file start-v7.tsv (TSV, C-alpha atoms)
chain	number	residue	atom	x	y	z
A	59	MET	CA	107.50	-83.39	-76.52
A	60	GLU	CA	107.34	-85.51	-79.67
A	61	PHE	CA	104.00	-86.95	-78.52
A	62	LEU	CA	102.40	-83.56	-79.27
A	63	ASN	CA	102.88	-84.30	-82.96
A	64	SER	CA	101.15	-87.65	-82.67
A	65	ALA	CA	97.60	-87.98	-83.98
A	66	ASP	CA	96.97	-90.77	-81.45
A	67	PHE	CA	97.76	-88.38	-78.60
A	68	TRP	CA	95.23	-85.76	-79.75
A	69	ILE	CA	92.59	-88.38	-80.51
A	70	GLY	CA	93.10	-89.85	-77.03
A	71	LEU	CA	92.87	-86.39	-75.46
A	72	VAL	CA	89.58	-85.67	-77.23
A	73	LYS	CA	88.25	-89.08	-76.10
A	74	ILE	CA	89.13	-88.41	-72.44
A	75	ILE	CA	87.57	-84.93	-72.52
A	76	TRP	CA	84.42	-86.35	-74.11
A	77	ILE	CA	84.23	-89.16	-71.53
A	78	ASN	CA	84.53	-86.57	-68.75
A	79	ILE	CA	81.77	-84.44	-70.28
A	80	ILE	CA	79.49	-87.48	-70.26
A	81	LEU	CA	80.48	-88.67	-66.79
A	82	SER	CA	80.64	-85.28	-65.05
A	83	GLY	CA	76.89	-84.66	-64.96
A	84	ASP	CA	76.27	-86.42	-61.64
A	85	ASN	CA	79.41	-84.88	-60.14
A	86	ALA	CA	78.20	-81.39	-61.08
A	87	VAL	CA	74.91	-82.15	-59.30
A	88	VAL	CA	76.74	-83.22	-56.12
A	89	ILE	CA	78.91	-80.09	-56.16
A	90	ALA	CA	75.88	-77.85	-56.71
A	91	LEU	CA	73.91	-79.50	-53.90
A	92	ALA	CA	76.84	-79.24	-51.49
A	93	ALA	CA	77.53	-75.56	-52.28
A	94	ARG	CA	74.01	-74.21	-52.79
A	95	SER	CA	73.50	-72.99	-49.20
A	96	LEU	CA	76.79	-71.03	-49.10
A	97	PRO	CA	77.07	-67.28	-49.81
A	98	PRO	CA	77.83	-66.58	-53.52
A	99	GLU	CA	81.53	-65.81	-52.93
A	100	GLN	CA	82.03	-68.99	-50.92
A	101	GLN	CA	80.08	-70.96	-53.53
A	102	LYS	CA	82.72	-70.04	-56.12
A	103	LYS	CA	85.57	-71.05	-53.80
A	104	ALA	CA	83.92	-74.34	-52.81
A	105	ILE	CA	83.26	-75.21	-56.47
A	106	MET	CA	86.81	-74.33	-57.56
A	107	PHE	CA	88.61	-76.05	-54.67
A	108	GLY	CA	86.24	-79.02	-54.67
A	109	SER	CA	86.46	-79.55	-58.44
A	110	GLY	CA	90.24	-79.13	-58.57
A	111	ALA	CA	90.91	-81.45	-55.65
A	112	ALA	CA	88.41	-83.98	-57.05
A	113	VAL	CA	90.33	-84.14	-60.35
A	114	VAL	CA	93.62	-84.70	-58.48
A	115	LEU	CA	91.93	-87.51	-56.55
A	116	ARG	CA	90.68	-89.00	-59.83
A	117	ILE	CA	94.23	-89.08	-61.21
A	118	VAL	CA	95.47	-90.92	-58.12
A	119	LEU	CA	92.42	-93.19	-58.14
A	120	THR	CA	92.89	-94.09	-61.81
A	121	VAL	CA	96.26	-95.65	-61.01
A	122	VAL	CA	94.78	-97.99	-58.39
A	123	ALA	CA	91.12	-98.25	-59.41
A	124	ALA	CA	91.36	-101.62	-61.13
A	125	LYS	CA	92.82	-103.19	-57.98
A	126	LEU	CA	90.39	-101.39	-55.69
A	127	LEU	CA	87.38	-102.65	-57.64
A	128	GLU	CA	88.51	-106.23	-56.99
A	129	LEU	CA	88.07	-105.75	-53.23
A	130	SER	CA	84.82	-107.10	-51.80
A	131	PHE	CA	82.62	-104.76	-49.75
A	132	LEU	CA	84.44	-101.63	-51.00
A	133	GLN	CA	81.61	-100.58	-53.31
A	134	VAL	CA	79.00	-101.62	-50.73
A	135	ILE	CA	80.61	-99.23	-48.26
A	136	GLY	CA	80.92	-96.55	-50.95
A	137	GLY	CA	77.28	-96.98	-51.99
A	138	VAL	CA	76.02	-96.69	-48.41
A	139	LEU	CA	78.18	-93.58	-48.01
A	140	LEU	CA	76.56	-92.07	-51.12
A	141	LEU	CA	73.07	-92.79	-49.75
A	142	TRP	CA	74.03	-90.97	-46.56
A	143	ILE	CA	75.47	-88.02	-48.52
A	144	GLY	CA	72.30	-87.80	-50.64
A	145	TYR	CA	70.16	-87.76	-47.50
A	146	GLN	CA	72.38	-85.12	-45.86
A	147	LEU	CA	72.34	-82.88	-48.94
A	148	LEU	CA	68.55	-83.09	-49.16
A	149	THR	CA	67.89	-82.33	-45.48
A	150	GLY	CA	71.01	-80.49	-44.26
A	151	GLU	CA	70.44	-76.79	-44.74
A	152	GLU	CA	73.30	-74.77	-43.29
A	153	ASP	CA	72.03	-71.95	-41.17
A	154	GLY	CA	73.86	-69.61	-38.92
A	155	ASP	CA	75.81	-66.40	-39.26
A	156	GLY	CA	79.39	-65.30	-38.89
A	157	GLU	CA	82.58	-65.71	-40.84
A	158	SER	CA	83.80	-68.74	-38.88
A	159	LYS	CA	80.48	-70.48	-39.46
A	160	GLY	CA	80.71	-69.65	-43.16
A	161	ASN	CA	84.27	-70.96	-43.42
A	162	GLY	CA	83.25	-74.12	-41.58
A	163	SER	CA	80.32	-74.61	-43.93
A	164	MET	CA	82.58	-74.16	-46.94
A	165	MET	CA	84.99	-76.81	-45.63
A	166	VAL	CA	82.06	-79.17	-45.04
A	167	ALA	CA	80.91	-78.56	-48.62
A	168	ILE	CA	84.40	-79.25	-50.03
A	169	ARG	CA	84.71	-82.41	-47.92
A	170	THR	CA	81.31	-83.62	-49.14
A	171	ILE	CA	82.30	-82.93	-52.76
A	172	LEU	CA	85.55	-84.88	-52.38
A	173	ILE	CA	83.98	-87.91	-50.69
A	174	ALA	CA	81.08	-88.13	-53.14
A	175	ASP	CA	83.29	-87.64	-56.19
A	176	LEU	CA	85.73	-90.27	-54.93
A	177	VAL	CA	82.99	-92.88	-54.55
A	178	MET	CA	81.16	-91.98	-57.76
A	179	SER	CA	84.39	-92.08	-59.77
A	180	LEU	CA	85.34	-95.68	-58.94
A	181	ASP	CA	83.79	-97.07	-62.12
A	182	ASN	CA	84.20	-93.95	-64.24
A	183	VAL	CA	87.99	-93.76	-64.02
A	184	ILE	CA	88.30	-97.22	-65.55
A	185	ALA	CA	87.04	-95.79	-68.88
A	186	VAL	CA	89.46	-92.86	-68.65
A	187	ALA	CA	92.41	-95.11	-67.75
A	188	ALA	CA	91.63	-97.44	-70.67
A	189	THR	CA	91.57	-94.47	-73.06
A	190	ALA	CA	94.85	-93.04	-71.72
A	191	GLN	CA	96.56	-96.45	-72.19
A	192	GLY	CA	99.20	-95.70	-69.59
A	193	ASN	CA	100.05	-92.22	-70.91
A	194	MET	CA	100.08	-90.14	-67.71
A	195	VAL	CA	100.51	-86.84	-69.60
A	196	LEU	CA	97.37	-87.64	-71.58
A	197	LEU	CA	95.52	-88.66	-68.42
A	198	ILE	CA	96.45	-85.55	-66.42
A	199	LEU	CA	95.76	-83.18	-69.33
A	200	GLY	CA	92.38	-84.74	-70.06
A	201	LEU	CA	91.25	-84.59	-66.44
A	202	ALA	CA	92.63	-81.06	-65.91
A	203	ILE	CA	90.76	-79.76	-68.96
A	204	SER	CA	87.58	-81.28	-67.50
A	205	ILE	CA	87.74	-78.92	-64.46
A	206	PRO	CA	86.11	-75.95	-66.27
A	207	LEU	CA	83.39	-78.29	-67.55
A	208	VAL	CA	82.53	-79.42	-64.01
A	209	VAL	CA	82.76	-75.86	-62.66
A	210	PHE	CA	80.46	-74.52	-65.38
A	211	GLY	CA	78.03	-77.40	-64.89
A	212	SER	CA	77.96	-76.87	-61.11
A	213	THR	CA	77.42	-73.11	-61.41
A	214	LEU	CA	74.59	-73.67	-63.86
A	215	MET	CA	72.99	-76.28	-61.59
A	216	ILE	CA	73.07	-73.91	-58.58
A	217	LYS	CA	71.24	-71.23	-60.62
A	218	LEU	CA	68.67	-73.80	-61.74
A	219	MET	CA	68.20	-75.04	-58.15
A	220	GLU	CA	67.50	-71.47	-57.00
A	221	ARG	CA	64.87	-71.08	-59.71
A	222	PHE	CA	63.45	-74.62	-59.64
A	223	PRO	CA	63.78	-76.11	-56.10
A	224	VAL	CA	62.46	-79.48	-57.34
A	225	ILE	CA	65.90	-80.01	-58.91
A	226	ILE	CA	67.31	-80.35	-55.38
A	227	THR	CA	65.07	-83.37	-54.81
A	228	LEU	CA	65.93	-84.78	-58.25
A	229	GLY	CA	69.64	-84.28	-57.50
A	230	ALA	CA	69.36	-86.16	-54.20
A	231	ALA	CA	67.47	-88.91	-56.05
A	232	LEU	CA	70.31	-89.12	-58.58
A	233	ILE	CA	72.86	-89.57	-55.80
A	234	GLY	CA	70.65	-92.26	-54.25
A	235	TRP	CA	70.37	-93.95	-57.66
A	236	VAL	CA	74.16	-94.00	-58.08
A	237	GLY	CA	74.50	-95.26	-54.49
A	238	GLY	CA	72.19	-98.20	-55.20
A	239	GLU	CA	74.08	-98.96	-58.43
A	240	THR	CA	77.41	-98.83	-56.60
A	241	ILE	CA	76.27	-101.33	-53.97
A	242	VAL	CA	75.00	-103.90	-56.47
A	243	ASN	CA	78.17	-103.52	-58.59
A	244	ASP	CA	80.35	-104.73	-55.72
A	245	ASN	CA	82.59	-107.68	-56.51
A	246	LEU	CA	80.85	-109.65	-53.76
A	247	LEU	CA	77.50	-109.42	-55.63
A	248	HIS	CA	78.93	-109.81	-59.13
A	249	GLY	CA	77.57	-113.34	-59.66
A	250	VAL	CA	74.11	-112.45	-58.38
A	251	ALA	CA	73.96	-109.31	-60.55
A	252	LEU	CA	74.93	-111.30	-63.64
A	253	ALA	CA	72.27	-113.94	-62.95
A	254	HIS	CA	69.60	-111.28	-62.33
A	255	PRO	CA	70.25	-108.23	-64.58
A	256	TRP	CA	67.08	-106.52	-63.32
A	257	LEU	CA	68.66	-106.30	-59.86
A	258	HIS	CA	70.82	-103.42	-61.08
A	259	TYR	CA	67.78	-101.22	-61.76
A	260	VAL	CA	65.89	-102.34	-58.66
A	261	ALA	CA	68.85	-101.48	-56.41
A	262	ALA	CA	69.33	-98.09	-58.12
A	263	ALA	CA	65.63	-97.22	-57.85
A	264	ALA	CA	65.56	-98.39	-54.22
A	265	GLY	CA	68.50	-96.10	-53.43
A	266	ALA	CA	66.75	-93.11	-55.00
A	267	VAL	CA	63.45	-93.85	-53.21
A	268	LEU	CA	65.23	-94.37	-49.88
A	269	VAL	CA	67.13	-91.08	-50.03
A	270	VAL	CA	64.16	-88.98	-51.16
A	271	GLY	CA	61.58	-90.76	-48.99
A	272	LEU	CA	63.63	-90.59	-45.79
A	273	GLY	CA	64.78	-87.05	-46.56
A	274	LYS	CA	61.26	-85.76	-47.15
A	275	PHE	CA	60.00	-87.55	-44.04
A	276	MET	CA	62.68	-85.92	-41.88
A	277	GLN	CA	62.00	-82.52	-43.49
A	278	ALA	CA	58.29	-82.81	-42.69
A	279	ARG	CA	59.08	-83.93	-39.16
A	280	GLY	CA	61.42	-80.96	-38.66
A	281	ALA	CA	58.75	-78.57	-39.96
A	282	GLN	CA	56.24	-80.00	-37.48
A	283	HIS	CA	58.67	-79.48	-34.60
A	284	GLN	CA	59.27	-75.87	-35.66
A	285	ALA	CA	55.55	-75.20	-35.94
A	286	ALA	CA	54.85	-76.70	-32.48

call {"tool": "encode", "arguments": {"input": "start-v7.tsv", "output": "structure tokens"}}
result
Amino acid sequence: MEFLNSADFWIGLVKIIWINIILSGDNAVVIALAARSLPPEQQKKAIMFGSGAAVVLRIVLTVVAAKLLELSFLQVIGGVLLLWIGYQLLTGEEDGDGESKGNGSMMVAIRTILIADLVMSLDNVIAVAATAQGNMVLLILGLAISIPLVVFGSTLMIKLMERFPVIITLGAALIGWVGGETIVNDNLLHGVALAHPWLHYVAAAAGAVLVVGLGKFMQARGAQHQAA
């Protein structure tokens, strides 16, 4: 326990917490979008379980992230998956009654949170791992302390989404933006991205437009079918 008396340990811990505050904004949006259609009690459970499990996954991912990022097509697949999740969260309202339906919806929400967080954390965990410098106690503590930050952020986002529905669309656009960024950051496209720096922003914007445009189109089409 001598490391507790080390200034480097506490400085590193503060750095990791701060990094997680900065990087947890998009994750809080994903969690809020996934849980917003659940009953209030299930919202709390989905946020707690989803956030806790996501942090555990981040710890595991941090150990292997550097190697994973060297694999071609991995971030392309992850980016496409994020685009799909953004589309689903924008258009997929859970309706239906009954406890079993509610439990099923909560599990779907937790699964969505885990998949999205896993993909969105591929780049982020590199910064955390670099700050921890191999100190697993520091890494685990820093990520564990970030759980309340993500939970608070997600709860706040759900309340804002209820009051300002446009935030749902903006949240889906954010996921699409990150999806586009993830695709162009793939090792396979590294040379092209370096030669054309603007491609990063074009791909991100295209991802956001694709998710929102397709989602709104399908929403309008569904409304027409219901009206007919």

call {"tool": "closest_residue", "arguments": {"input": "start-v7.tsv", "among": "A:His258, A:Leu201, A:Lys274, A:Ala264", "to": "A:Ala112", "atoms": "only C-alpha atoms"}}
result
A:Leu201

call {"tool": "closest_residue", "arguments": {"input": "start-v7.tsv", "among": "A:Ala263, A:Leu272, A:Leu197, A:Ala174", "to": "A:Leu91", "atoms": "all atoms listed in the file"}}
result
A:Ala174

call {"tool": "residues_near_point", "arguments": {"input": "start-v7.tsv", "point": "(75.3, -86.7, -48.5)", "cutoff": "12 Å", "atoms": "all atoms listed in the file", "output": "number ranges by chain"}}
result
A: 87-89, 91-93, 136-151, 166-175, 177, 229-234, 237, 269-270, 273

call {"tool": "atom_distance", "arguments": {"input": "start-v7.tsv", "atom1": "atom CA of A:Gly110", "atom2": "atom CA of A:Ile135"}}
result
24.6 Å

call {"tool": "residues_around", "arguments": {"input": "start-v7.tsv", "residues": "A:Val260", "least_positions_apart": "3", "cutoff": "10 Å", "atoms": "only C-alpha atoms", "output": "PDB file with C-alpha atoms, in the frame of the given file"}}
result
ATOM      1  CA  TRP A 235      70.370 -93.950 -57.660  1.00  0.00           C
ATOM      2  CA  GLY A 238      72.190 -98.200 -55.200  1.00  0.00           C
ATOM      3  CA  GLU A 239      74.080 -98.960 -58.430  1.00  0.00           C
ATOM      4  CA  VAL A 242      75.000-103.900 -56.470  1.00  0.00           C
ATOM      5  CA  PRO A 255      70.250-108.230 -64.580  1.00  0.00           C
ATOM      6  CA  TRP A 256      67.080-106.520 -63.320  1.00  0.00           C
ATOM      7  CA  LEU A 257      68.660-106.300 -59.860  1.00  0.00           C
ATOM      8  CA  ALA A 263      65.630 -97.220 -57.850  1.00  0.00           C
ATOM      9  CA  ALA A 264      65.560 -98.390 -54.220  1.00  0.00           C
ATOM     10  CA  GLY A 265      68.500 -96.100 -53.430  1.00  0.00           C
ATOM     11  CA  ALA A 266      66.750 -93.110 -55.000  1.00  0.00           C
TER      12      ALA A 266
END

call {"tool": "residues_around", "arguments": {"input": "start-v7.tsv", "residues": "A:Leu129", "least_positions_apart": "4", "cutoff": "9 Å", "atoms": "all atoms listed in the file", "output": "list in words"}}
result
Lys125, Gln133, Asp244, Asn245 and Leu246 of chain A

call {"tool": "write_last_selection", "arguments": {"input": "start-v7.tsv", "atoms": "C-alpha atoms", "output": "mmCIF file, in the coordinates of the input"}}
result
data_model
loop_
_atom_site.group_PDB
_atom_site.id
_atom_site.type_symbol
_atom_site.label_atom_id
_atom_site.label_comp_id
_atom_site.auth_asym_id
_atom_site.auth_seq_id
_atom_site.Cartn_x
_atom_site.Cartn_y
_atom_site.Cartn_z
ATOM 1 C CA LYS A 125 92.820 -103.190 -57.980
ATOM 2 C CA GLN A 133 81.610 -100.580 -53.310
ATOM 3 C CA ASP A 244 80.350 -104.730 -55.720
ATOM 4 C CA ASN A 245 82.590 -107.680 -56.510
ATOM 5 C CA LEU A 246 80.850 -109.650 -53.760
#

call {"tool": "closest_residue", "arguments": {"input": "start-v7.tsv", "among": "A:Trp76, A:Trp68, A:Ile226, A:Arg94", "to": "A:Thr213", "atoms": "only C-alpha atoms"}}
result
A:Arg94

call {"tool": "atom_distance", "arguments": {"input": "start-v7.tsv", "atom1": "atom CA of A:Gly211", "atom2": "atom CA of A:Leu71"}}
result
20.3 Å

call {"tool": "closest_residue", "arguments": {"input": "start-v7.tsv", "among": "A:Asn193, A:Ser204, A:Gln100, A:Thr240", "to": "A:Val114", "atoms": "all atoms listed in the file"}}
result
A:Ser204

call {"tool": "closest_residue", "arguments": {"input": "start-v7.tsv", "among": "A:Ile225, A:Leu132, A:Ile75, A:Leu214", "to": "A:Lys102", "atoms": "only C-alpha atoms"}}
result
A:Leu214

call {"tool": "atom_distance", "arguments": {"input": "start-v7.tsv", "atom1": "atom CA of A:Ser109", "atom2": "atom CA of A:Val208"}}
result
6.8 Å
